[in-house]
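Novice: My file is upload-v3.cif. It has mmCIF, C-alpha atoms:
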data_protein
#
loop_
_atom_site.label_atom_id
_atom_site.label_comp_id
_atom_site.auth_asym_id
_atom_site.auth_seq_id
_atom_site.Cartn_x
_atom_site.Cartn_y
_atom_site.Cartn_z
CA MET A 1 108.50 123.29 101.09
CA LYS A 2 110.41 126.04 99.27
CA VAL A 3 113.63 124.76 97.72
CA PHE A 4 116.05 125.75 95.01
CA LEU A 5 117.22 122.74 93.11
CA GLY A 6 119.31 124.00 90.21
CA TYR A 7 121.24 122.26 87.47
CA GLU A 8 123.69 120.49 89.79
CA GLU A 9 121.02 119.10 92.11
CA ILE A 10 118.74 118.11 89.24
CA CYS A 11 121.62 116.21 87.63
CA LYS A 12 121.91 114.22 90.85
CA MET A 13 118.28 113.21 90.61
CA LEU A 14 117.69 112.73 86.87
CA PRO A 15 119.66 110.79 84.27
CA HIS A 16 118.68 113.29 81.55
CA ARG A 17 121.31 115.60 80.05
CA TYR A 18 121.62 118.14 77.23
CA PRO A 19 119.73 118.47 74.94
CA PHE A 20 117.04 116.60 76.77
CA LEU A 21 117.07 118.11 80.24
CA MET A 22 113.83 120.08 80.26
CA LEU A 23 113.97 121.57 83.76
CA ASP A 24 115.91 124.69 84.79
CA TYR A 25 115.12 124.58 88.48
CA VAL A 26 112.70 123.20 91.02
CA SER A 27 111.18 125.75 93.41
CA ASP A 28 108.79 123.74 95.60
CA ILE A 29 108.61 120.15 96.77
CA VAL A 30 106.19 118.20 98.91
CA ILE A 31 108.27 115.07 99.40
CA GLY A 32 106.92 112.16 97.38
CA LYS A 33 103.77 114.09 96.48
CA GLU A 34 104.15 117.37 94.61
CA ALA A 35 106.67 119.56 92.85
CA ILE A 36 106.78 122.91 91.10
CA GLY A 37 109.50 123.63 88.57
CA ILE A 38 110.55 126.15 85.95
CA LYS A 39 111.59 125.71 82.33
CA ASN A 40 112.72 128.81 80.49
CA VAL A 41 112.08 128.44 76.80
CA THR A 42 114.62 130.16 74.55
CA ILE A 43 115.14 130.32 70.80
CA ASN A 44 118.33 128.30 71.36
CA GLU A 45 116.35 125.10 72.03
CA PRO A 46 117.47 122.53 69.43
CA PHE A 47 113.91 121.60 68.52
CA PHE A 48 113.07 125.10 67.32
CA SER A 49 115.34 124.67 64.30
CA GLY A 50 112.80 122.26 62.86
CA HIS A 51 109.57 123.02 64.76
CA PHE A 52 109.08 125.22 62.83
CA PRO A 53 111.77 127.05 60.85
CA GLN A 54 109.59 130.12 60.19
CA LYS A 55 107.41 129.87 63.29
CA PRO A 56 109.00 128.46 66.45
CA ILE A 57 106.50 126.61 68.65
CA MET A 58 107.53 124.35 71.52
CA PRO A 59 106.38 120.80 70.69
CA GLY A 60 103.66 119.60 73.07
CA VAL A 61 105.59 116.39 73.68
CA MET A 62 108.50 118.44 75.03
CA ILE A 63 106.15 120.09 77.55
CA VAL A 64 105.03 116.57 78.52
CA GLU A 65 108.70 115.57 78.84
CA ALA A 66 109.34 118.53 81.17
CA LEU A 67 106.34 117.50 83.29
CA ALA A 68 107.51 113.88 83.34
CA GLN A 69 111.00 114.96 84.47
CA LEU A 70 109.49 117.05 87.27
CA THR A 71 107.40 114.01 88.22
CA ALA A 72 110.63 112.01 88.49
CA ILE A 73 112.02 114.68 90.85
CA ALA A 74 108.92 114.51 93.08
CA TYR A 75 109.12 110.74 93.00
CA CYS A 76 112.86 110.57 93.71
CA SER A 77 112.47 112.92 96.67
CA LYS A 78 110.63 110.05 98.35
CA ILE A 79 113.59 107.73 97.78
CA LEU A 80 115.92 110.38 99.22
CA GLU A 81 113.79 110.59 102.32
CA LYS A 82 113.80 106.81 102.67
CA ASN A 83 117.60 106.99 102.63
CA GLY A 84 117.48 109.52 105.45
CA ILE A 85 118.21 112.59 103.36
CA THR A 86 115.76 115.36 104.20
CA ASN A 87 117.95 118.34 103.46
CA PHE A 88 118.66 118.89 99.79
CA ASP A 89 122.09 120.36 100.62
CA GLU A 90 123.09 116.79 101.42
CA LEU A 91 122.57 115.95 97.76
CA LYS A 92 126.21 116.99 97.18
CA ASN A 93 127.36 113.80 98.86
CA ILE A 94 125.28 111.57 96.66
CA ASP A 95 126.37 109.50 93.72
CA PRO A 96 124.16 110.72 90.87
CA GLU A 97 123.80 107.27 89.40
CA GLU A 98 122.29 106.05 92.63
CA ILE A 99 119.07 108.05 92.58
CA ALA A 100 118.86 108.53 88.85
CA SER A 101 118.78 104.76 88.49
CA HIS A 102 115.37 104.75 90.17
CA VAL A 103 113.82 106.95 87.49
CA GLY A 104 111.18 104.88 85.70
CA TYR A 105 109.19 105.31 82.53
CA LEU A 106 106.34 107.37 81.21
CA VAL A 107 103.50 104.95 80.49
CA GLU A 108 100.61 107.14 79.46
CA ALA A 109 100.06 110.83 78.75
CA ASN A 110 96.63 112.35 78.53
CA VAL A 111 97.27 116.07 78.16
CA LYS A 112 95.43 118.97 76.55
CA PHE A 113 97.55 121.73 75.03
CA LYS A 114 95.57 124.90 75.40
CA LYS A 115 97.96 127.51 74.02
CA PRO A 116 101.17 127.40 71.94
CA VAL A 117 104.41 128.05 73.82
CA ILE A 118 106.95 130.24 72.05
CA PRO A 119 110.56 131.34 72.70
CA GLY A 120 110.93 133.81 75.57
CA GLU A 121 108.17 132.32 77.64
CA GLN A 122 108.68 130.77 81.06
CA LEU A 123 106.92 127.48 81.75
CA ARG A 124 105.82 126.99 85.34
CA LEU A 125 105.27 123.28 85.79
CA LYS A 126 103.29 121.62 88.54
CA VAL A 127 102.85 117.91 89.21
CA VAL A 128 100.78 116.19 91.90
CA LEU A 129 101.24 112.46 92.41
CA GLY A 130 97.98 110.58 92.84
CA LYS A 131 96.93 107.00 93.37
CA SER A 132 99.50 104.23 93.04
CA PHE A 133 98.53 100.76 91.95
CA GLY A 134 101.21 98.15 91.73
CA GLN A 135 104.12 99.77 89.92
CA LEU A 136 101.99 102.47 88.33
CA THR A 137 101.20 105.94 89.63
CA GLN A 138 98.78 108.48 88.27
CA VAL A 139 99.99 112.09 88.18
CA LYS A 140 97.99 115.29 87.65
CA VAL A 141 100.04 117.79 85.67
CA CYS A 142 99.69 121.42 84.71
CA ALA A 143 101.91 123.92 82.90
CA THR A 144 101.29 127.67 82.93
CA VAL A 145 102.83 130.72 81.29
CA ASN A 146 102.08 134.01 83.07
CA ASN A 147 99.35 132.28 85.10
CA THR A 148 97.61 131.07 81.94
CA ILE A 149 97.26 127.31 81.57
CA VAL A 150 99.08 126.05 78.46
CA ALA A 151 98.95 122.30 79.20
CA LEU A 152 96.73 120.32 81.55
CA GLY A 153 96.12 116.63 82.05
CA LYS A 154 97.38 113.47 83.64
CA LEU A 155 100.28 111.11 83.22
CA ILE A 156 100.82 107.55 84.32
CA VAL A 157 104.39 106.67 85.26
CA SER A 158 105.96 103.38 86.27
CA GLU A 159 108.63 102.49 88.77
CA LYS A 160 111.78 101.01 87.42
CA GLU A 161 111.90 97.26 87.89
CA MET B 1 54.21 88.43 103.49
CA GLU B 2 55.30 86.67 100.33
CA ASN B 3 54.48 89.75 98.31
CA ASN B 4 56.60 91.81 100.67
CA LEU B 5 59.53 89.49 100.12
CA LYS B 6 59.08 89.69 96.37
CA GLU B 7 59.12 93.47 96.63
CA ILE B 8 62.38 93.39 98.59
CA VAL B 9 64.00 90.99 96.14
CA ARG B 10 62.82 93.05 93.19
CA GLU B 11 64.25 96.18 94.78
CA LYS B 12 67.56 94.47 95.48
CA ILE B 13 67.79 93.28 91.88
CA SER B 14 66.98 96.70 90.48
CA ASN B 15 69.53 98.37 92.79
CA ARG B 16 72.16 95.88 91.71
CA ASN B 17 71.41 96.41 88.02
CA LYS B 18 71.73 100.14 88.61
CA LEU B 19 75.10 99.65 90.32
CA ASN B 20 76.35 97.40 87.51
CA ASN B 21 75.37 100.06 84.99
CA GLN B 22 77.13 102.77 86.99
CA VAL B 23 80.28 100.63 87.07
CA LYS B 24 80.10 100.12 83.30
CA GLU B 25 79.58 103.83 82.66
CA MET B 26 82.48 104.69 84.95
CA ILE B 27 84.79 102.25 83.14
CA ILE B 28 83.70 103.53 79.73
CA ASN B 29 84.31 107.14 80.78
CA GLU B 30 87.57 106.45 82.58
CA LEU B 31 89.09 104.46 79.69
CA ASN B 32 87.43 106.36 76.81
CA LEU B 33 86.01 103.10 75.43
CA GLU B 34 83.93 103.16 72.27
CA LEU B 35 81.21 101.05 73.91
CA LYS B 36 77.75 101.41 75.40
CA PRO B 37 77.05 100.02 78.89
CA GLU B 38 74.68 97.36 77.47
CA GLU B 39 77.50 96.04 75.26
CA ILE B 40 79.52 94.95 78.31
CA GLU B 41 78.46 91.70 79.92
CA ASP B 42 78.23 91.50 83.70
CA ASP B 43 80.36 88.36 83.87
CA ALA B 44 82.73 88.82 80.94
CA PRO B 45 86.41 89.02 81.97
CA LEU B 46 87.69 92.61 81.92
CA PHE B 47 91.33 91.70 81.28
CA GLY B 48 92.93 89.50 78.65
CA MET B 49 89.95 88.05 76.80
CA GLY B 50 86.69 89.96 77.09
CA LEU B 51 87.34 93.71 77.16
CA GLY B 52 91.09 93.12 76.76
CA LEU B 53 92.20 95.59 79.42
CA ASP B 54 95.73 95.73 80.89
CA SER B 55 97.49 96.85 84.07
CA ILE B 56 97.45 100.52 83.04
CA ASP B 57 93.67 100.30 82.75
CA ALA B 58 93.55 98.67 86.20
CA LEU B 59 95.04 101.82 87.73
CA GLU B 60 92.46 103.98 85.95
CA ILE B 61 89.58 101.75 87.06
CA ALA B 62 90.89 101.81 90.64
CA VAL B 63 90.99 105.62 90.49
CA GLY B 64 87.48 105.67 88.96
CA VAL B 65 86.06 103.38 91.66
CA GLU B 66 87.57 105.60 94.33
CA GLU B 67 86.31 108.84 92.79
CA THR B 68 82.84 107.58 91.80
CA PHE B 69 81.98 105.22 94.64
CA GLY B 70 84.28 106.40 97.42
CA VAL B 71 85.88 103.01 98.09
CA ALA B 72 89.58 102.23 97.66
CA ILE B 73 90.89 99.10 95.95
CA SER B 74 94.46 98.14 96.78
CA ASP B 75 96.84 96.39 94.41
CA THR B 76 96.69 93.24 96.53
CA GLN B 77 93.04 92.82 95.52
CA MET B 78 93.46 92.12 91.81
CA GLU B 79 90.66 89.54 91.95
CA VAL B 80 88.22 92.46 92.20
CA PHE B 81 88.90 93.23 88.51
CA ARG B 82 87.72 89.86 87.21
CA SER B 83 84.42 91.20 85.86
CA ILE B 84 81.80 93.94 86.22
CA ASN B 85 80.04 91.74 88.79
CA THR B 86 83.12 91.34 90.97
CA VAL B 87 83.78 95.11 90.91
CA ALA B 88 80.13 95.74 91.87
CA ASP B 89 80.35 93.03 94.59
CA PHE B 90 83.37 94.79 96.02
CA ILE B 91 81.69 98.22 96.04
CA GLN B 92 78.56 96.72 97.61
CA SER B 93 80.41 94.83 100.33
CA GLU B 94 82.61 97.85 101.17
CA ASN B 95 79.54 100.08 101.46
CA GLU B 96 77.64 97.55 103.57
CA GLY B 97 80.68 97.20 105.82
CA LEU B 98 80.64 100.96 106.20
CA ASN B 99 76.93 101.00 107.09
CA ASP B 100 77.48 98.32 109.74
CA ARG B 101 80.14 100.41 111.37
CA VAL B 102 77.95 103.54 111.49
#
Would you give me this structure, written as structure tokens?

Specialist:
Amino acid sequence: MKVFLGYEEICKMLPHRYPFLMLDYVSDIVIGKEAIGIKNVTINEPFFSGHFPQKPIMPGVMIVEALAQLTAIAYCSKILEKNGITNFDELKNIDPEEIASHVGYLVEANVKFKKPVIPGEQLRLKVVLGKSFGQLTQVKVCATVNNTIVALGKLIVSEKE
Amino acid sequence: MENNLKEIVREKISNRNKLNNQVKEMIINELNLELKPEEIEDDAPLFGMGLGLDSIDALEIAVGVEETFGVAISDTQMEVFRSINTVADFIQSENEGLNDRV
């Protein structure tokens, strides 16, 4: 499903805020299963001041963080549906704390970084939720820049108790 | 007749050993363990003592069993993860159940 979840909608679904909100918008969602999102990387990112002063490269862990946040969006969409909200316009009426409180933790990350990401590039993030076992769910993740894979692997995330 | 029976038993044992080895290889690959299949005992506990696996590993083994052997373990069947033998038992019984239905 094509959607446009921008800053306001994302803030309703994630507890993350500046400087740790690593998603600009979400463009596609398969409720509870998949999501595609965009992160525009600019020289203004706080981490570039130290990583590295002469040669800005986006830290791999920040790409993982962006993928984990998108995973939370895909996951939370399932909770929204359970609460009878199928249209994302209805998000306006929702107390942000309500959904954001369901966001769990990143338990494992097994990701290959295939190419450095530098300021000016646009990260296209894709996550596909896989098998769940107890409170844990495996997620296949991929990040591309201009259709070239920059990060590829899998995460394991947990539900919040 | 007796020889025939021996043949059948021998074949069953060799098939089972093969399956146990496949399970061990799958677990080693799935969890990136620094072990060889022959270093894992068929009856040693996988979790806690023994291999010392945890719930995160359980998810990865469940995924591995599904991808490698085509049978799904649900999280209500934790007893399947007791040892290599119990995982192999589960795969065997699921496959036999499938054959019966066909």

Novice: Would you write out, as a PyMOL selection string, every residue that the PyMOL selection byres ((chain A and resi 8-18) around 10) captures in this file?

Specialist: chain A and resi 4-7+19-26+46+69-70+72-77+80+88-103

Novice: By how many Å are CA of Asp28 in chain A and CA of Val3 in chain A apart?

Specialist: 5.4 Å

Novice: Quick one: contact table of range 42-65 of chain B to range 107-117 of chain A, 12 Å max, nearest atom pair and distance in Å to one decimal per residue, counting all atoms listed in the file, chain and number order, as a tab-separated table?

Specialist:
residue	atom	partner	partner_atom	distance
B:Ser55	CA	A:Val107	CA	10.7
B:Ile56	CA	A:Val107	CA	7.9
B:Asp57	CA	A:Glu108	CA	10.3
B:Leu59	CA	A:Glu108	CA	11.3
B:Glu60	CA	A:Glu108	CA	10.9

Novice: Write the residues of the selection above to a file with C-alpha atoms, as a PDB file, keeping the file's coordinate frame.

Specialist:
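Okay, this is what ended up in part-v4.pdb:
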ATOM      1  CA  SER B  55      97.490  96.850  84.070  1.00  0.00           C
ATOM      2  CA  ILE B  56      97.450 100.520  83.040  1.00  0.00           C
ATOM      3  CA  ASP B  57      93.670 100.300  82.750  1.00  0.00           C
ATOM      4  CA  LEU B  59      95.040 101.820  87.730  1.00  0.00           C
ATOM      5  CA  GLU B  60      92.460 103.980  85.950  1.00  0.00           C
TER       6      GLU B  60
END

Novice: With a cut-off of 8 Å and counting all atoms listed in the file, select all residues of chain A in contact with chain B and give the selection as a CSV table (one decimal) with C-alpha atoms, in the coordinates of the input.

Specialist:
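Result file is iface.csv:
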chain,number,residue,atom,x,y,z
A,107,VAL,CA,103.5,105.0,80.5
A,131,LYS,CA,96.9,107.0,93.4
A,132,SER,CA,99.5,104.2,93.0
A,133,PHE,CA,98.5,100.8,92.0
A,134,GLY,CA,101.2,98.2,91.7
A,136,LEU,CA,102.0,102.5,88.3
A,137,THR,CA,101.2,105.9,89.6
A,138,GLN,CA,98.8,108.5,88.3
A,156,ILE,CA,100.8,107.6,84.3

Novice: What is the CA of Ile29 in chain A to CA of Lys2 in chain A distance in Å?

Specialist: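 Straight-line distance from CA of Ile29 in chain A to CA of Lys2 in chain A works out to 6.6 Å.
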
Novice: Please provide the set of residues having any atom within 12 Å of Ala151 in chain A, restricted to all atoms listed in the file, with same-chain residues fewer than 3 positions apart removed, written as JSON, numbers by chain.

Specialist: {"A": [58, 59, 60, 61, 62, 63, 64, 65, 66, 67, 109, 110, 111, 112, 113, 114, 115, 116, 117, 123, 124, 125, 126, 127, 140, 141, 142, 143, 144, 145, 147, 148, 154, 155]}

Novice: Suppose you want the space between CA of Glu34 in chain B and CA of Leu152 in chain A; what is it in Å?

Specialist: 23.3 Å

Novice: List the residues selected by the PyMOL selection byres ((chain B and resi 46) around 12) in the file shown, writing them as a PyMOL selection string.

Specialist: chain B and resi 24+27-28+40-45+47-55+57-58+61+78-87

Novice: Counting all atoms listed in the file, which residue out of B:Val71, B:Leu33, B:Ile13, B:Leu5 sits closest to Ile91 in chain B?

Specialist: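 Among the listed residues, B:Val71 lies closest to Ile91 in chain B.
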